[in-house]
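Worksheet for the structure shown next.
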Amino acid sequence: MSNQALIEKLNAQLNREISTFLRYMLQGAKIRGAQWEAVRDMYLSEVADEVGHAQYLANQIEILGGSPTLDPDLAAPPSDVREMLQRDIEQEGADVRNYTELAELAGSQGRMALKLKMEEQAGDEDEHRQEMGRLLGR
Ligand SMILES: [Fe+2]
Ligand SMILES: [Fe+2]
């Protein structure tokens, strides 16, 4: 696979990360009620993780000779907290799969630092997914 195809996959994931940290920031701001305080804290603390993921992807795109192209999903988040968690568990799962694919692709090109970092980011998303499931009482 060419550099260009790798850049495109990294850019698609960059846009997912930017969409995620915008959504988590807005959801953290939106949540009301003492019973959901732990969920609010979780979303606000995960914003920094997702920004870090986005920053790494943007740097890699530049290193590979590309330029990030931004097209985030700016849809308003749901108001219902359970709906937020259910949707985000699915999205975190999709991110685990995307990072696993990116790690395999990077490894097949001998890009070992990128491979390890993509595996680390897959692990972060898997932890986010588990934490959300726990907060949902699963
Ligand atoms: Fe992320
Ligand atoms: Fe995440």
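Letters A, B, ... go to the chains of the structure tokens in the order shown; residues in each chain start at 1; ligands are counted from 1 in the same order.
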
Given 9 Å and only C-alpha atoms and all ligand atoms, residues near ligand 1 as a list in words:
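The distance check yields Gln13, Leu14, Arg16, Glu17, Ile18, Thr20, Phe21, Glu46, Val47, Asp49, Glu50, Val51, Gly52, His53, Ala54, Glu92, Asp95, Val96, Gln121, Ala122, Asp124, Glu125 and His128 of chain A.
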
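The closest residue to A:Glu120, picked from A:Ser67, A:Ser19, A:Thr100, A:Gln27 and counting only C-alpha atoms, is A:Thr100.
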
State, in Å with one decimal place, the distance from atom CA of A:Tyr56 to atom CA of A:Gly123.
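Atom-to-atom, atom CA of A:Tyr56 to atom CA of A:Gly123, that is 15.0 Å.
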
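The list of residues with at least one atom within 9 Å of A:Leu74, based on only C-alpha atoms and without residues fewer than 2 positions apart in the same chain, reads Ser19, Leu22, Arg23, Asp71, Pro72, Ala76 and Pro77 of chain A.
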
Find the residues around stretch 103-112 of chain A up to 9 Å (only C-alpha atoms counted), leave out those fewer than 4 positions away in its own chain, and share them as an MDAnalysis selection string.
chainID A and resid 1 6 98:99 116:119 122

Export, as a PDB file, in the first residue's frame, the selected residues with N, CA and C atoms.
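Writing done, so here's selection21.pdb:
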ATOM      1  N   MET A   1       0.848  -1.212   0.000  1.00  0.00           N
ATOM      2  CA  MET A   1       0.000   0.000   0.000  1.00  0.00           C
ATOM      3  C   MET A   1       0.872   1.245   0.000  1.00  0.00           C
ATOM      4  N   LEU A   6      -2.120   5.213   3.233  1.00  0.00           N
ATOM      5  CA  LEU A   6      -1.924   5.274   4.693  1.00  0.00           C
ATOM      6  C   LEU A   6      -2.314   6.661   5.210  1.00  0.00           C
ATOM      7  N   ASN A  98     -10.446   0.332  14.009  1.00  0.00           N
ATOM      8  CA  ASN A  98      -9.664   1.177  13.086  1.00  0.00           C
ATOM      9  C   ASN A  98      -8.184   1.211  13.469  1.00  0.00           C
ATOM     10  N   TYR A  99      -7.917   1.339  14.766  1.00  0.00           N
ATOM     11  CA  TYR A  99      -6.507   1.387  15.192  1.00  0.00           C
ATOM     12  C   TYR A  99      -5.816   0.042  15.004  1.00  0.00           C
ATOM     13  N   LEU A 116       3.271   0.531  16.974  1.00  0.00           N
ATOM     14  CA  LEU A 116       3.124   0.443  18.437  1.00  0.00           C
ATOM     15  C   LEU A 116       2.190   1.519  18.963  1.00  0.00           C
ATOM     16  N   LYS A 117       2.288   2.716  18.388  1.00  0.00           N
ATOM     17  CA  LYS A 117       1.426   3.807  18.858  1.00  0.00           C
ATOM     18  C   LYS A 117      -0.039   3.535  18.494  1.00  0.00           C
ATOM     19  N   MET A 118      -0.269   2.956  17.312  1.00  0.00           N
ATOM     20  CA  MET A 118      -1.650   2.621  16.938  1.00  0.00           C
ATOM     21  C   MET A 118      -2.211   1.539  17.866  1.00  0.00           C
ATOM     22  N   GLU A 119      -1.370   0.601  18.279  1.00  0.00           N
ATOM     23  CA  GLU A 119      -1.821  -0.419  19.246  1.00  0.00           C
ATOM     24  C   GLU A 119      -2.126   0.227  20.598  1.00  0.00           C
ATOM     25  N   ALA A 122      -5.396   1.924  20.317  1.00  0.00           N
ATOM     26  CA  ALA A 122      -6.461   0.909  20.360  1.00  0.00           C
ATOM     27  C   ALA A 122      -6.742   0.525  21.809  1.00  0.00           C
TER      28      ALA A 122
END

Shortest contact to ligand 2, candidates A:Ala12, A:Ile31, A:Leu57, A:Ala94, atoms counted only C-alpha atoms and all ligand atoms, goes to A:Ala94

Which of these, A:Ile89, A:Leu135, A:Ile61, A:Met25, has the shortest distance to ligand 2 once you count only C-alpha atoms and all ligand atoms?
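With only C-alpha atoms and all ligand atoms as the atom set, the closest residue is A:Ile89.
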
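With distances restricted to only C-alpha atoms and all ligand atoms, A:Ser45 is the closest residue to ligand 2 from A:Ser45, A:Asn11, A:Gln4, A:Gln60.
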